[in-house]
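As provided, model-v8.txt (compact mmCIF, C-alpha atoms) reads as follows.
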```txt
# COMPACT_ATOMS: atom_id res chain seq x y z
CA MET G 1 41.66 28.92 -11.86
CA ASN G 2 40.30 25.39 -11.86
CA LEU G 3 37.22 24.31 -9.88
CA VAL G 4 39.22 23.17 -6.84
CA GLU G 5 41.03 26.51 -6.68
CA LYS G 6 37.74 28.40 -7.03
CA ASP G 7 36.16 26.23 -4.34
CA LEU G 8 38.96 27.00 -1.88
CA LYS G 9 38.78 30.67 -2.74
CA TYR G 10 35.08 31.00 -1.94
CA ILE G 11 33.68 28.10 0.09
CA TRP G 12 33.89 27.41 3.83
CA HIS G 13 32.95 23.74 4.04
CA PRO G 14 30.87 22.37 6.94
CA CYS G 15 32.34 20.55 9.92
CA SER G 16 35.87 20.97 8.55
CA GLN G 17 39.21 22.43 9.50
CA MET G 18 39.87 24.15 6.21
CA LYS G 19 43.65 23.84 6.68
CA ASP G 20 43.19 20.10 6.08
CA TYR G 21 42.09 20.99 2.56
CA GLU G 22 45.65 22.06 1.75
CA GLU G 23 46.62 18.38 1.93
CA LEU G 24 43.27 16.87 0.87
CA PRO G 25 41.55 19.33 -1.47
CA PRO G 26 37.81 19.07 -2.16
CA ILE G 27 36.74 16.34 -4.57
CA ILE G 28 34.52 17.86 -7.25
CA ILE G 29 31.61 15.49 -7.91
CA ASP G 30 30.20 15.64 -11.42
CA HIS G 31 27.35 13.12 -11.24
CA ALA G 32 26.06 10.17 -9.25
CA LYS G 33 24.03 7.00 -9.70
CA GLY G 34 22.90 4.39 -7.19
CA VAL G 35 25.54 4.02 -4.47
CA TYR G 36 28.26 5.65 -6.63
CA LEU G 37 29.58 9.20 -6.88
CA TYR G 38 31.70 10.20 -9.90
CA ASP G 39 34.20 13.05 -9.84
CA LYS G 40 35.14 15.37 -12.70
CA ASN G 41 37.89 12.95 -13.75
CA GLY G 42 35.51 10.00 -13.92
CA LYS G 43 36.77 8.30 -10.76
CA GLU G 44 34.02 6.48 -8.85
CA TYR G 45 33.44 6.43 -5.09
CA ILE G 46 31.10 4.19 -3.13
CA ASP G 47 28.95 6.49 -1.01
CA ILE G 48 28.87 4.14 1.97
CA VAL G 49 27.77 6.95 4.33
CA SER G 50 24.81 7.99 2.14
CA SER G 51 26.09 11.57 1.87
CA TRP G 52 25.67 12.27 5.60
CA TRP G 53 23.09 9.52 6.10
CA CYS G 54 20.38 11.06 3.93
CA ASN G 55 20.58 9.30 0.56
CA LEU G 56 18.12 6.50 1.17
CA LEU G 57 17.31 4.88 -2.17
CA GLY G 58 20.35 5.68 -4.29
CA HIS G 59 21.49 8.77 -6.13
CA CYS G 60 19.38 9.95 -9.07
CA ASN G 61 16.62 7.49 -8.35
CA PRO G 62 14.41 7.64 -11.46
CA LYS G 63 11.10 7.52 -9.58
CA ILE G 64 12.05 10.37 -7.24
CA ASN G 65 13.51 12.33 -10.15
CA GLU G 66 10.27 12.02 -12.07
CA ALA G 67 8.10 13.03 -9.11
CA ILE G 68 10.10 16.24 -8.63
CA LYS G 69 10.07 17.02 -12.37
CA VAL G 70 6.29 16.67 -12.55
CA GLN G 71 5.80 18.88 -9.48
CA LEU G 72 8.25 21.49 -10.76
CA ASP G 73 5.98 22.30 -13.69
CA LYS G 74 2.99 22.79 -11.37
CA LEU G 75 4.14 24.58 -8.19
CA GLU G 76 7.65 25.12 -6.83
CA HIS G 77 6.73 26.87 -3.56
CA VAL G 78 3.97 28.76 -1.80
CA ILE G 79 3.65 30.46 1.56
CA PHE G 80 2.43 27.78 4.00
CA ALA G 81 0.53 30.14 6.31
CA ASN G 82 -3.13 30.13 5.25
CA PHE G 83 -2.18 28.28 2.04
CA SER G 84 -1.64 24.60 1.37
CA HIS G 85 -1.26 22.18 -1.51
CA GLU G 86 -2.03 18.59 -2.40
CA PRO G 87 1.49 17.09 -1.99
CA ALA G 88 1.70 18.27 1.63
CA ILE G 89 -1.78 17.04 2.49
CA THR G 90 -1.23 13.68 0.84
CA LEU G 91 2.18 13.28 2.49
CA CYS G 92 0.72 13.80 5.97
CA GLU G 93 -2.06 11.36 5.16
CA GLU G 94 0.41 8.71 4.01
CA LEU G 95 2.83 9.23 6.90
CA SER G 96 0.00 8.92 9.40
CA LYS G 97 -0.47 5.33 8.21
CA ILE G 98 3.07 4.26 9.13
CA LEU G 99 4.03 6.45 12.11
CA PRO G 100 4.00 5.19 15.70
CA GLN G 101 0.49 5.34 17.12
CA GLY G 102 -0.83 8.71 18.24
CA LEU G 103 1.39 10.95 16.10
CA THR G 104 -1.15 12.90 14.07
CA LYS G 105 -0.16 16.57 13.65
CA PHE G 106 2.62 17.75 11.32
CA ASN G 107 4.69 20.93 11.57
CA PHE G 108 7.05 21.44 8.60
CA SER G 109 10.52 22.98 8.60
CA ASP G 110 13.59 22.73 6.39
CA ASN G 111 16.42 21.08 8.36
CA GLY G 112 17.07 18.81 11.31
CA SER G 113 18.17 21.46 13.78
CA ALA G 114 15.06 23.48 12.95
CA SER G 115 12.90 20.41 13.57
CA VAL G 116 14.52 19.94 16.98
CA GLU G 117 14.12 23.64 17.85
CA CYS G 118 10.46 23.31 16.94
CA ALA G 119 10.07 20.28 19.22
CA LEU G 120 11.76 22.05 22.14
CA LYS G 121 9.64 25.19 21.81
CA MET G 122 6.49 23.15 21.30
CA SER G 123 7.04 21.07 24.44
CA PHE G 124 7.97 24.10 26.52
CA GLN G 125 4.89 26.05 25.43
CA TYR G 126 2.64 23.01 25.88
CA GLN G 127 3.67 22.55 29.51
CA TYR G 128 3.17 26.26 30.14
CA GLN G 129 -0.28 26.33 28.59
CA VAL G 130 -1.56 23.31 30.52
CA GLY G 131 -0.44 24.91 33.79
CA ASN G 132 2.91 23.21 34.39
CA THR G 133 4.76 26.52 34.53
CA LYS G 134 7.65 25.17 36.62
CA LYS G 135 8.60 22.72 33.88
CA THR G 136 11.11 24.85 31.99
CA ARG G 137 14.19 22.66 31.47
CA PHE G 138 15.16 19.80 29.18
CA MET G 139 16.79 16.43 29.77
CA CYS G 140 19.10 14.78 27.28
CA PHE G 141 21.69 12.01 27.04
CA THR G 142 25.42 12.37 27.47
CA GLU G 143 27.15 12.01 24.09
CA GLY G 144 23.91 13.04 22.42
CA TYR G 145 23.74 15.10 19.25
CA HIS G 146 20.68 16.93 17.93
CA GLY G 147 22.00 19.66 15.64
CA GLU G 148 23.99 22.87 15.47
CA THR G 149 21.60 25.69 16.36
CA ILE G 150 21.63 27.05 19.90
CA GLY G 151 18.69 25.08 21.26
CA ALA G 152 19.78 21.89 19.52
CA LEU G 153 23.35 22.31 20.81
CA SER G 154 21.97 22.86 24.31
CA VAL G 155 20.36 19.42 24.35
CA GLY G 156 23.47 17.85 22.84
CA SER G 157 26.39 16.75 24.95
CA MET G 158 29.37 16.47 22.65
CA ASP G 159 32.16 18.92 23.42
CA LEU G 160 33.42 18.69 19.85
CA TYR G 161 30.38 20.69 18.73
CA GLY G 162 29.22 22.60 21.78
CA LYS G 163 31.98 23.22 24.34
CA LEU G 164 33.05 26.59 22.96
CA TYR G 165 29.48 27.88 22.95
CA LYS G 166 28.49 26.87 26.49
CA PRO G 167 28.07 30.52 27.65
CA MET G 168 25.36 30.83 24.98
CA LEU G 169 23.52 27.58 25.73
CA MET G 170 20.55 26.63 27.90
CA ASP G 171 21.21 24.87 31.19
CA THR G 172 20.07 21.32 30.47
CA ILE G 173 19.99 18.14 32.56
CA HIS G 174 22.18 15.28 31.34
CA ILE G 175 21.49 11.58 31.86
CA GLU G 176 24.37 9.13 31.47
CA ALA G 177 23.62 7.39 28.19
CA PRO G 178 23.88 3.66 27.62
CA ASP G 179 27.35 2.64 26.44
CA CYS G 180 27.01 -1.04 25.64
CA TYR G 181 30.56 -1.52 24.37
CA ARG G 182 32.02 -0.22 27.62
CA CYS G 183 29.20 -1.35 29.92
CA SER G 184 30.05 -0.55 33.54
CA TYR G 185 27.68 -3.35 34.64
CA GLY G 186 29.54 -6.03 32.70
CA LYS G 187 26.48 -6.84 30.61
CA ASN G 188 25.81 -7.42 26.90
CA ARG G 189 23.34 -5.29 24.94
CA ASP G 190 21.62 -8.40 23.56
CA CYS G 191 20.75 -9.99 26.89
CA CYS G 192 20.77 -7.34 29.61
CA ASN G 193 17.94 -5.80 31.63
CA VAL G 194 19.21 -2.29 30.88
CA GLU G 195 20.64 -1.94 34.36
CA CYS G 196 22.04 1.40 33.23
CA PHE G 197 18.50 2.77 33.23
CA GLU G 198 19.00 3.55 36.90
CA HIS G 199 20.77 6.73 35.79
CA ALA G 200 17.55 7.93 34.18
CA GLU G 201 15.48 6.95 37.22
CA LYS G 202 17.73 8.86 39.59
CA THR G 203 17.77 11.93 37.34
CA PHE G 204 13.99 11.95 37.00
CA GLU G 205 13.56 11.63 40.77
CA LYS G 206 15.72 14.71 41.23
CA HIS G 207 14.72 16.92 38.30
CA ALA G 208 11.40 15.80 36.79
CA ASP G 209 9.41 18.56 38.51
CA GLU G 210 11.34 21.17 36.54
CA THR G 211 11.60 19.20 33.27
CA CYS G 212 9.23 19.77 30.39
CA ALA G 213 10.71 17.19 28.01
CA ILE G 214 13.52 14.75 27.35
CA ILE G 215 14.99 14.33 23.86
CA VAL G 216 16.75 11.15 22.75
CA GLU G 217 18.19 9.54 19.66
CA PRO G 218 16.26 6.25 19.84
CA LEU G 219 18.42 3.09 19.83
CA LEU G 220 21.32 4.74 17.99
CA GLN G 221 23.48 7.66 19.11
CA GLY G 222 24.85 8.54 15.70
CA SER G 223 27.50 11.22 16.14
CA ALA G 224 28.72 9.56 19.33
CA GLY G 225 30.07 6.77 17.14
CA MET G 226 26.97 4.81 16.16
CA ARG G 227 26.44 3.68 19.76
CA ILE G 228 23.59 1.16 19.83
CA TYR G 229 21.49 0.39 22.90
CA PRO G 230 18.59 -2.01 23.66
CA ALA G 231 14.99 -1.27 22.67
CA MET G 232 13.89 -2.05 26.23
CA TYR G 233 15.42 1.27 27.26
CA LEU G 234 12.79 3.15 25.23
CA LYS G 235 9.97 1.17 26.84
CA LYS G 236 11.24 1.98 30.32
CA LEU G 237 11.76 5.62 29.35
CA ARG G 238 8.19 5.92 28.08
CA ASP G 239 6.89 4.62 31.42
CA LEU G 240 9.13 7.02 33.34
CA CYS G 241 7.98 10.01 31.28
CA ASP G 242 4.34 9.09 31.89
CA LYS G 243 4.96 8.76 35.63
CA TYR G 244 6.51 12.24 35.91
CA ASN G 245 4.54 14.05 33.19
CA VAL G 246 7.62 14.70 31.06
CA LEU G 247 7.22 14.77 27.28
CA LEU G 248 9.30 12.33 25.25
CA ILE G 249 10.88 13.72 22.07
CA ALA G 250 12.25 11.19 19.60
CA ASP G 251 14.95 12.55 17.32
CA GLU G 252 14.47 10.10 14.43
CA ILE G 253 16.32 12.34 12.00
CA ALA G 254 19.05 9.71 11.52
CA THR G 255 17.09 6.58 12.47
CA GLY G 256 13.87 7.05 10.53
CA PHE G 257 12.83 5.46 7.24
CA GLY G 258 14.40 2.04 7.52
CA ARG G 259 17.84 2.83 8.87
CA THR G 260 17.45 0.53 11.90
CA GLY G 261 15.76 -2.28 9.96
CA LYS G 262 12.26 -1.00 10.72
CA MET G 263 10.55 2.10 9.39
CA PHE G 264 11.28 3.99 12.63
CA ALA G 265 13.45 3.13 15.62
CA PHE G 266 10.38 3.35 17.86
CA ASP G 267 8.85 0.52 15.83
CA HIS G 268 11.19 -1.80 17.75
CA VAL G 269 8.97 -1.26 20.82
CA ASP G 270 5.21 -1.00 21.33
CA VAL G 271 5.26 2.58 22.63
CA SER G 272 5.25 6.00 20.99
CA PRO G 273 6.96 9.32 21.69
CA ASP G 274 5.00 12.52 22.25
CA ILE G 275 6.93 14.34 19.54
CA MET G 276 9.01 12.95 16.68
CA CYS G 277 11.51 14.78 14.45
CA VAL G 278 12.21 13.41 10.96
CA LEU G 279 14.46 14.59 8.14
CA LYS G 280 17.30 12.85 6.25
CA GLY G 281 15.58 9.85 4.63
CA LEU G 282 12.24 11.68 4.43
CA THR G 283 12.92 12.94 0.90
CA GLY G 284 15.48 10.29 0.01
CA GLY G 285 18.25 12.84 0.42
CA TYR G 286 16.86 15.04 -2.35
CA MET G 287 15.34 18.09 -0.68
CA PRO G 288 15.96 19.89 2.65
CA MET G 289 12.68 19.21 4.40
CA ALA G 290 11.97 18.20 8.00
CA ILE G 291 8.80 17.57 10.00
CA THR G 292 8.07 17.77 13.72
CA ILE G 293 5.16 15.43 14.41
CA THR G 294 3.07 15.41 17.58
CA THR G 295 -0.18 14.26 19.17
CA ASP G 296 -3.72 15.62 19.25
CA GLU G 297 -3.30 16.27 22.97
CA ILE G 298 -0.35 18.59 22.45
CA TYR G 299 -1.94 20.25 19.40
CA ASN G 300 -5.17 20.93 21.31
CA ALA G 301 -3.30 22.86 24.01
CA PHE G 302 -2.51 25.50 21.37
CA TYR G 303 -6.02 25.62 19.85
CA ASP G 304 -8.00 28.66 21.04
CA ASP G 305 -9.19 32.11 20.03
CA TYR G 306 -6.31 34.17 18.65
CA ASN G 307 -6.51 36.79 21.40
CA GLU G 308 -5.84 34.11 24.02
CA GLY G 309 -2.21 34.12 22.81
CA LYS G 310 -1.84 30.34 22.59
CA ALA G 311 -0.88 30.02 18.93
CA PHE G 312 2.45 28.41 18.08
CA MET G 313 4.21 31.40 16.52
CA HIS G 314 6.92 29.39 14.83
CA SER G 315 7.64 29.36 11.11
CA HIS G 316 10.15 28.66 8.34
CA THR G 317 10.16 30.19 4.89
CA TYR G 318 10.26 26.84 3.12
CA SER G 319 7.77 25.04 5.36
CA GLY G 320 5.83 22.43 3.41
CA ASN G 321 7.79 22.96 0.20
CA PRO G 322 5.89 21.18 -2.63
CA LEU G 323 9.05 19.78 -4.25
CA GLY G 324 10.16 18.26 -0.95
CA CYS G 325 6.71 16.83 -0.33
CA SER G 326 6.66 15.28 -3.80
CA ALA G 327 10.06 13.70 -3.22
CA ALA G 328 8.89 12.32 0.13
CA LEU G 329 5.74 10.87 -1.44
CA ALA G 330 7.88 9.15 -4.06
CA VAL G 331 10.04 7.67 -1.28
CA LEU G 332 6.97 6.27 0.49
CA ASN G 333 5.64 4.84 -2.79
CA ILE G 334 8.97 3.10 -3.43
CA PHE G 335 8.97 1.62 0.08
CA ARG G 336 5.49 0.25 -0.51
CA GLU G 337 5.83 -0.93 -4.11
CA ASP G 338 9.39 -2.29 -3.95
CA ALA G 339 9.26 -3.84 -0.45
CA VAL G 340 12.45 -1.96 0.42
CA LEU G 341 12.62 -2.99 4.08
CA ASP G 342 12.19 -6.68 3.30
CA LYS G 343 14.76 -6.59 0.51
CA ALA G 344 17.29 -4.75 2.70
CA GLU G 345 17.42 -7.57 5.25
CA LYS G 346 19.63 -9.84 3.14
CA PRO G 347 22.33 -7.26 2.31
CA ALA G 348 22.25 -6.11 5.96
CA GLN G 349 23.06 -9.64 7.11
CA TYR G 350 25.72 -9.99 4.44
CA LEU G 351 27.41 -6.71 5.40
CA THR G 352 27.62 -7.67 9.07
CA LYS G 353 28.90 -11.15 8.19
CA LYS G 354 31.51 -9.81 5.77
CA LEU G 355 32.85 -7.16 8.18
CA ASN G 356 33.18 -9.71 10.97
CA GLU G 357 34.94 -12.21 8.69
CA GLU G 358 37.46 -9.62 7.58
CA LEU G 359 38.05 -7.52 10.67
CA ILE G 360 36.75 -8.83 13.99
CA ASP G 361 40.05 -10.61 14.77
CA HIS G 362 42.16 -7.55 14.04
CA LYS G 363 44.17 -6.45 17.06
CA ASN G 364 42.78 -2.92 16.91
CA VAL G 365 39.11 -3.66 16.17
CA GLY G 366 37.34 -3.39 19.51
CA GLU G 367 33.79 -4.00 18.37
CA ILE G 368 31.72 -4.30 15.22
CA ARG G 369 28.14 -3.33 16.08
CA ASN G 370 25.13 -3.19 13.84
CA ILE G 371 21.47 -2.30 13.53
CA GLY G 372 19.74 -2.61 10.18
CA LEU G 373 22.27 -1.80 7.46
CA ILE G 374 24.25 0.41 9.83
CA ASN G 375 27.53 -1.17 10.92
CA ALA G 376 30.21 0.52 13.03
CA ILE G 377 33.82 -0.54 13.53
CA GLU G 378 35.32 0.88 16.72
CA LEU G 379 39.12 1.03 16.55
CA VAL G 380 41.12 0.87 19.78
CA ARG G 381 44.80 0.77 20.70
CA ASN G 382 44.18 -1.81 23.43
CA LYS G 383 41.48 -4.36 22.69
CA LYS G 384 41.42 -5.98 26.11
CA GLU G 385 41.04 -2.74 28.04
CA LYS G 386 39.01 -1.02 25.30
CA LEU G 387 41.32 1.97 25.28
CA GLY G 388 41.09 4.34 22.33
CA PHE G 389 43.92 5.83 20.31
CA ASP G 390 45.30 9.26 21.12
CA SER G 391 42.93 11.60 19.28
CA LYS G 392 45.89 13.64 18.03
CA LEU G 393 46.90 10.70 15.83
CA ARG G 394 43.60 11.03 13.90
CA ILE G 395 43.66 7.32 13.03
CA GLY G 396 40.14 7.39 11.61
CA TYR G 397 40.98 10.36 9.41
CA GLN G 398 44.12 8.67 8.09
CA ILE G 399 42.06 5.60 7.15
CA TYR G 400 39.45 7.86 5.55
CA LYS G 401 42.10 9.37 3.27
CA LYS G 402 43.41 5.95 2.26
CA ALA G 403 39.88 4.72 1.51
CA LEU G 404 39.21 7.79 -0.64
CA GLU G 405 42.27 6.95 -2.75
CA LYS G 406 40.73 3.54 -3.39
CA GLY G 407 37.20 4.86 -4.08
CA LEU G 408 35.29 4.60 -0.78
CA VAL G 409 33.75 7.44 1.22
CA LEU G 410 34.00 6.49 4.93
CA ARG G 411 33.83 9.84 6.82
CA PRO G 412 34.63 8.38 10.30
CA LEU G 413 33.36 9.56 13.66
CA GLY G 414 36.67 9.92 15.46
CA ASP G 415 38.11 6.40 15.33
CA VAL G 416 34.76 4.78 14.60
CA LEU G 417 34.42 3.76 10.95
CA TYR G 418 30.86 3.16 9.90
CA PHE G 419 28.80 1.86 7.01
CA ASN G 420 25.40 3.52 6.55
CA PRO G 421 24.69 2.89 2.87
CA PRO G 422 21.60 3.48 0.75
CA LEU G 423 19.06 0.74 1.42
CA ILE G 424 19.32 -0.44 -2.19
CA ILE G 425 22.99 -1.48 -1.97
CA ASN G 426 23.71 -4.99 -3.26
CA GLU G 427 26.12 -7.71 -2.12
CA ALA G 428 28.69 -7.03 -4.84
CA GLU G 429 28.87 -3.36 -3.82
CA ILE G 430 29.12 -4.36 -0.15
CA HIS G 431 31.94 -6.82 -0.94
CA LYS G 432 33.89 -4.11 -2.74
CA ALA G 433 33.34 -1.55 0.03
CA VAL G 434 34.44 -3.95 2.78
CA GLU G 435 37.50 -4.90 0.77
CA ILE G 436 38.56 -1.28 0.36
CA CYS G 437 37.87 -0.50 4.02
CA THR G 438 39.98 -3.48 5.11
CA GLN G 439 42.86 -2.44 2.85
CA ALA G 440 42.71 1.13 4.18
CA ILE G 441 42.84 -0.10 7.78
CA TYR G 442 45.78 -2.38 7.03
CA SER G 443 47.67 0.44 5.31
CA VAL G 444 47.35 2.72 8.37
CA ILE G 445 47.57 0.45 11.41
CA GLY G 446 48.88 -2.77 9.91
CA GLN G 447 47.54 -6.25 9.26
CA ARG G 448 47.77 -7.34 12.85
CA ILE G 449 45.52 -10.33 13.51
CA LEU G 450 44.96 -11.86 16.94
CA LYS G 451 46.15 -15.43 17.34
CA HIS G 452 43.51 -17.85 18.59
```

Rendering of file as structure tokens:
Amino acid sequence: MNLVEKDLKYIWHPCSQMKDYEELPPIIIDHAKGVYLYDKNGKEYIDIVSSWWCNLLGHCNPKINEAIKVQLDKLEHVIFANFSHEPAITLCEELSKILPQGLTKFNFSDNGSASVECALKMSFQYQYQVGNTKKTRFMCFTEGYHGETIGALSVGSMDLYGKLYKPMLMDTIHIEAPDCYRCSYGKNRDCCNVECFEHAEKTFEKHADETCAIIVEPLLQGSAGMRIYPAMYLKKLRDLCDKYNVLLIADEIATGFGRTGKMFAFDHVDVSPDIMCVLKGLTGGYMPMAITITTDEIYNAFYDDYNEGKAFMHSHTYSGNPLGCSAALAVLNIFREDAVLDKAEKPAQYLTKKLNEELIDHKNVGEIRNIGLINAIELVRNKKEKLGFDSKLRIGYQIYKKALEKGLVLRPLGDVLYFNPPLIINEAEIHKAVEICTQAIYSVIGQRILKH
């Protein structure tokens, strides 16, 4: 048996219909460098989706590699209850310098869903321990996504992931999320007054008394198709949460560490969440480590004599893993020493410019939206009415397969193709990726350009 045959014999791949693998078998990656993956046959692929959005500074980054190697010879792991280590302490100290104001206490876990579960439990217990015992429910956005565990699915709203499991899920309160491409108010995301915020206001008026927290993906709803909304929405939401004593949880798992052009999405406004979840870019895509970060006020509600029963009895085996902390420290050092955010501005502008030059006039390209280096191409069957393709056609998936043949990893969200590359990508690599993407689109839905 070869490796592909062994893979299909043993492995159940994530977020996949395994029958698809009969037609498109798994690609066995041998090694990687920078923005490129290389399979066992030597074929190269541009990892334009950063291996599920987590590879931040390129594959096999020498500085991160070295940091992990040095730590590996000292301490690989230690129980994090009643024990600690220098990498974790230093990481918290360094993160505290760049986080939104007021976020001071760090609770470690090992994946994004776990970080969200921690935030939900923390906010629920906080409200209970400060006497708000009626606040037992959570608010979330429609089309939101926060992970695959039961609590995280409960505060998500995408049927693709959660519909089957609804009998198992918590009863949560859903606010109609901003949809700037199909704005029902006829506005534009760049110059509106977030009129859609009235949905949040009405929901808070009705349900705030029973709500302990609201969780949002700030500025960018990733799994919904890279839906981007104005920063003003977060400012208004902060004010609303303060008015009704509802905690604000920022799921920055996908938006943190430069993805939106700033270190965190909340850096686009002058307000802070009560709790923030971070993962993906935290370790540069090297190690599975997440952190749920909160305020002194919330932390102090748990601080008491043990017999008072206020401790946060929440744990993960690999909490505070030293290898993950060392990788994260290397990431922060690279940001500081190499001016990563500043240097990423030019390729971000080039990527947006190049995609618009090549594709914006295509008959089936409804919108090209961007924030930071993230660019999303929404494909539609009717551009004027913004009507999507029949999902059974799997247009995005067909384009994905064509792009793979040519050496580009797209991994679409339905019929939304997106670029979310490592922040170190250069213009030549962008040019090549856009060229392949354009060719793949043409090969599936034709080279149909609108006439001016």

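CA of Glu44 (chain G) sits 26.3 Å away from CA of Gly225 (chain G).
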
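Closest to Thr352 (chain G) among G:Gly366, G:Gly147, G:Gly372, G:Gly42 is G:Gly372, based on all atoms listed in the file.
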
Given all atoms listed in the file as the counted atoms, nearest of G:Val49, G:Ile89, G:Ala67, G:Ala177 to Phe108 (chain G): G:Ile89

Met158 (chain G) environment, 12 Å, only C-alpha atoms, sequence neighbours closer than 3 positions dropped, as a count of residues only: 25

Close residues, region 122-130 of chain G itself excluded, 10 Å, all atoms listed in the file, min 6 positions apart in chain, as a count of residues only: 29

Spatial neighbours of Val444 (chain G), max dist 9 Å, only C-alpha atoms, sep filter under 5 positions, as a list of chain:residue names: G:Ile395, G:Gln398, G:Ile399, G:Lys402, G:Gln439

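A straight line drawn from CA of Val434 (chain G) to CA of Ile48 (chain G) is 9.9 Å long.
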
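Shortest separation to Ser326 (chain G) among G:Lys63, G:Lys346, G:His431, G:Lys134 occurs at residue G:Lys63, atoms counted being all atoms listed in the file.
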
Phe335 (chain G) surroundings by only C-alpha atoms, 10 Å radius, close-in-sequence under 6 positions cut, as number ranges by chain: G: 57, 257-258, 263, 329, 341-342

Kindly export the residues of the current selection with C-alpha atoms, as a CSV table (one decimal), in the frame of the given file.
```csv
chain,number,residue,atom,x,y,z
G,57,LEU,CA,17.3,4.9,-2.2
G,257,PHE,CA,12.8,5.5,7.2
G,258,GLY,CA,14.4,2.0,7.5
G,263,MET,CA,10.6,2.1,9.4
G,329,LEU,CA,5.7,10.9,-1.4
G,341,LEU,CA,12.6,-3.0,4.1
G,342,ASP,CA,12.2,-6.7,3.3
```

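In this structure, CA of Met1 (chain G) sits 24.7 Å away from CA of Lys401 (chain G).
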
Per residue of region 411-437 of chain G within 12 Å of region 382-388 of chain G, what are the shortest atom pair and its distance in Å to one decimal, counting only C-alpha atoms, with rows by chain and residue number, as JSON lines?
```
{"residue": "G:Gly414", "atom": "CA", "partner": "G:Gly388", "partner_atom": "CA", "distance": 9.9}
{"residue": "G:Asp415", "atom": "CA", "partner": "G:Gly388", "partner_atom": "CA", "distance": 7.9}
{"residue": "G:Val416", "atom": "CA", "partner": "G:Gly388", "partner_atom": "CA", "distance": 10.0}
```

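Among the candidates G:Val365, G:Tyr397, G:Ala403, G:Glu435, the residue lying nearest to Leu351 (chain G) is G:Glu435 (atoms considered: only C-alpha atoms).
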
Residue neighbourhood Ser96 (chain G), 10 Å, all atoms listed in the file, exclusion window fewer than 5 positions, as a list in words: Thr90, Leu91, Gln101, Gly102, Leu103, Thr104, Lys105, Phe106 and Ile293 of chain G

From G:Pro288, G:Gly320, G:Pro230, G:Pro14, residue lying nearest Cys180 (chain G) [all atoms listed in the file]: G:Pro230

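Nearest residue to Glu93 (chain G), choosing from G:Leu332, G:Asp20, G:Thr149, G:Leu72 and counting only C-alpha atoms: G:Leu332.
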
Return as JSON the box centre and box size in Å, one decimal, for an axis-aligned box around all listed atoms of region 175-189 of chain G padded by 6 Å per side.
```
{"center_x": 26.8, "center_y": 2.1, "center_z": 29.5, "size_x": 22.5, "size_y": 31.0, "size_z": 22.3}
```

Taking the partial coordinates given, rebuild region 338-346 of chain G to contain N, CA, C and O atoms; return it as a PDB file, in the frame of the given file.
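The result, written out as selection_15.pdb:
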```pdb
ATOM      1  N   ASP G 338       8.172  -1.490  -3.756  1.00  0.00           N
ATOM      2  CA  ASP G 338       9.390  -2.290  -3.950  1.00  0.00           C
ATOM      3  C   ASP G 338       9.778  -3.111  -2.728  1.00  0.00           C
ATOM      4  O   ASP G 338      10.834  -3.760  -2.738  1.00  0.00           O
ATOM      5  N   ALA G 339       8.969  -3.071  -1.670  1.00  0.00           N
ATOM      6  CA  ALA G 339       9.260  -3.840  -0.450  1.00  0.00           C
ATOM      7  C   ALA G 339      10.695  -3.610   0.023  1.00  0.00           C
ATOM      8  O   ALA G 339      11.455  -4.539   0.281  1.00  0.00           O
ATOM      9  N   VAL G 340      11.063  -2.337   0.142  1.00  0.00           N
ATOM     10  CA  VAL G 340      12.450  -1.960   0.420  1.00  0.00           C
ATOM     11  C   VAL G 340      12.956  -2.565   1.729  1.00  0.00           C
ATOM     12  O   VAL G 340      14.073  -3.102   1.785  1.00  0.00           O
ATOM     13  N   LEU G 341      12.163  -2.481   2.777  1.00  0.00           N
ATOM     14  CA  LEU G 341      12.620  -2.990   4.080  1.00  0.00           C
ATOM     15  C   LEU G 341      12.884  -4.490   4.033  1.00  0.00           C
ATOM     16  O   LEU G 341      13.879  -4.974   4.582  1.00  0.00           O
ATOM     17  N   ASP G 342      12.001  -5.227   3.394  1.00  0.00           N
ATOM     18  CA  ASP G 342      12.190  -6.680   3.300  1.00  0.00           C
ATOM     19  C   ASP G 342      13.441  -7.009   2.486  1.00  0.00           C
ATOM     20  O   ASP G 342      14.223  -7.883   2.866  1.00  0.00           O
ATOM     21  N   LYS G 343      13.624  -6.304   1.381  1.00  0.00           N
ATOM     22  CA  LYS G 343      14.760  -6.590   0.510  1.00  0.00           C
ATOM     23  C   LYS G 343      16.092  -6.188   1.154  1.00  0.00           C
ATOM     24  O   LYS G 343      17.136  -6.753   0.818  1.00  0.00           O
ATOM     25  N   ALA G 344      16.056  -5.218   2.062  1.00  0.00           N
ATOM     26  CA  ALA G 344      17.290  -4.750   2.700  1.00  0.00           C
ATOM     27  C   ALA G 344      17.819  -5.713   3.752  1.00  0.00           C
ATOM     28  O   ALA G 344      18.975  -5.597   4.174  1.00  0.00           O
ATOM     29  N   GLU G 345      16.997  -6.658   4.185  1.00  0.00           N
ATOM     30  CA  GLU G 345      17.420  -7.570   5.250  1.00  0.00           C
ATOM     31  C   GLU G 345      18.599  -8.433   4.822  1.00  0.00           C
ATOM     32  O   GLU G 345      19.547  -8.638   5.584  1.00  0.00           O
ATOM     33  N   LYS G 346      18.571  -8.947   3.604  1.00  0.00           N
ATOM     34  CA  LYS G 346      19.630  -9.840   3.140  1.00  0.00           C
ATOM     35  C   LYS G 346      20.976  -9.122   3.025  1.00  0.00           C
ATOM     36  O   LYS G 346      21.989  -9.608   3.544  1.00  0.00           O
TER      37      LYS G 346
END
```
